[in-house]
Amino acid sequence: MDEPLTCPTCSDQSSKMPPTLSIIIPAYNAQADLQACLLSLQGNIPLPYEILVINDASSDNTAQIAQNFETRLFTLPKRSGPASARNLGCHEARGQWIFFLDADVTVQSDTIANAFDHIHRNPLIDALFGSYDNSPADPGLVSQFRNLLHHHVHQTGDFHQNTRQAQTFWTGCGFIRRDVFLKLGGFDHWRYEKPAIEDIEFGYRLLDAGHHTVLARDVLCKHRKRWTIRTMLRTDFFQRGLPWSLLMLRSTRQTNDLNVDKIQKIAALAAAALWIGLFLIAFHPIAGIALALTSKLIMLCLNLSFFRLLKKQGGFKLALTALGLMNLYYLVCLTSYATAISVWLAHDRLGLMKSNSIRPPYPYSNHIAETLKNKSVESLVPQTNSST
């Protein structure tokens, strides 16, 4: 059995005053980005803190880079995925608040300050997350499209004093009370052993438990990831669309937020009609062309503000490229949802989907638990550097 989430292990820092904020960065083969991530934090944390880097059995110099900074470094004996890595980090954290940050993300000078300004002004906030900024690090057209799409989706909605209620959670740049995280059992690493939607699923549990989660549009970070069409398709289908669709089917939740709000659902249907129109051209040219053009116009009108952002940030070239990428994005979303329904119906007939209620509320996968039974946590840490 896995070791349950309990009081943190403070190692040699137990005699010091506990920090207010624990920054948890899961890292797998992140040598290309981790240094920039850690450098961006320097001088931009306006309260007592610690930084925990969870090295997910990397085969590159991730651990060595982390050791060059004031971090608490934990190296897992076997690759376990970001859900397990973050759970371990939260278990070992000493702060009242947890700040989950991706290794390929850099914060701005006011990212943390703005987050805690909202938290101090509204004590009811239990979790808060931000978004990518409007100037992605990678200049590629696919990278610009993907990161600006994330920015746009997270910047729309009914905001009051730069925050609005959220139905989910995001670990790319997300804050949460540590006691709330522990009480809810952490991320579901049993179901999500690889990068997926463990933060979205956790956000659903936050909402169901009555906790207050907000999206803050002035809490911004920069994404350094280089996107290609191949990584976009793989991520949108296997890591986002399919597991998210299955989650909504399992929870019977009618989600209407962020990427799955009403406007995006209608736009996705318009994209499907466009593909149907292109198919009909071979049989009924006039009807097919009319359907395709009408569907394209509807999709464009529903995303007009997004295409204005693309034109502003990348010119006509990016905006025109995004027309095709947007169609591809919606097609993958629809395909993943259709696949999820097929999987759901097949599994439901076999009685396999009833296992959702038996998820063990423990943070570690089995091989980590076995390691912790035989070794102290400190033995997993090549070097621990104390932050102030």
# chains A, B, ... in the order shown; residues from 1 in each chain; ligands from 1

call {"tool": "closest_atom_pairs", "arguments": {"of": "segment 89-146 of chain A", "to": "segment 323-338 of chain A", "cutoff": "12 Å", "atoms": "only C-alpha atoms", "output": "CSV"}}
result
residue,atom,partner,partner_atom,distance
A:Leu141,CA,A:Leu325,CA,9.7
A:Val142,CA,A:Leu325,CA,7.8
A:Ser143,CA,A:Leu325,CA,11.0
A:Gln144,CA,A:Leu325,CA,11.1
A:Phe145,CA,A:Leu325,CA,7.9
A:Arg146,CA,A:Leu325,CA,9.1

call {"tool": "write_last_selection", "arguments": {"atoms": "C-alpha atoms", "output": "CSV table (one decimal), in the first residue's frame"}}
result
chain,number,residue,atom,x,y,z
A,141,LEU,CA,3.9,29.4,-36.4
A,142,VAL,CA,2.5,26.3,-34.7
A,143,SER,CA,4.0,27.3,-31.3
A,144,GLN,CA,2.6,30.9,-31.7
A,145,PHE,CA,-0.8,29.5,-32.6
A,146,ARG,CA,-1.0,27.0,-29.7

call {"tool": "residues_around", "arguments": {"residues": "Ile54 of chain A", "least_positions_apart": "4", "cutoff": "8 Å", "atoms": "only C-alpha atoms", "output": "count of residues only"}}
result
12

call {"tool": "residues_around", "arguments": {"residues": "segment 282-297 of chain A", "least_positions_apart": "2", "cutoff": "10 Å", "atoms": "only C-alpha atoms", "output": "NGL selection string"}}
result
:A and (267-280 or 299-304 or 323 or 327)

call {"tool": "select_by_dssp", "arguments": {"residues": "segment 186-309 of chain A", "states": "strand (DSSP E)", "output": "PyMOL selection string"}}
result
chain A and resi 212-223
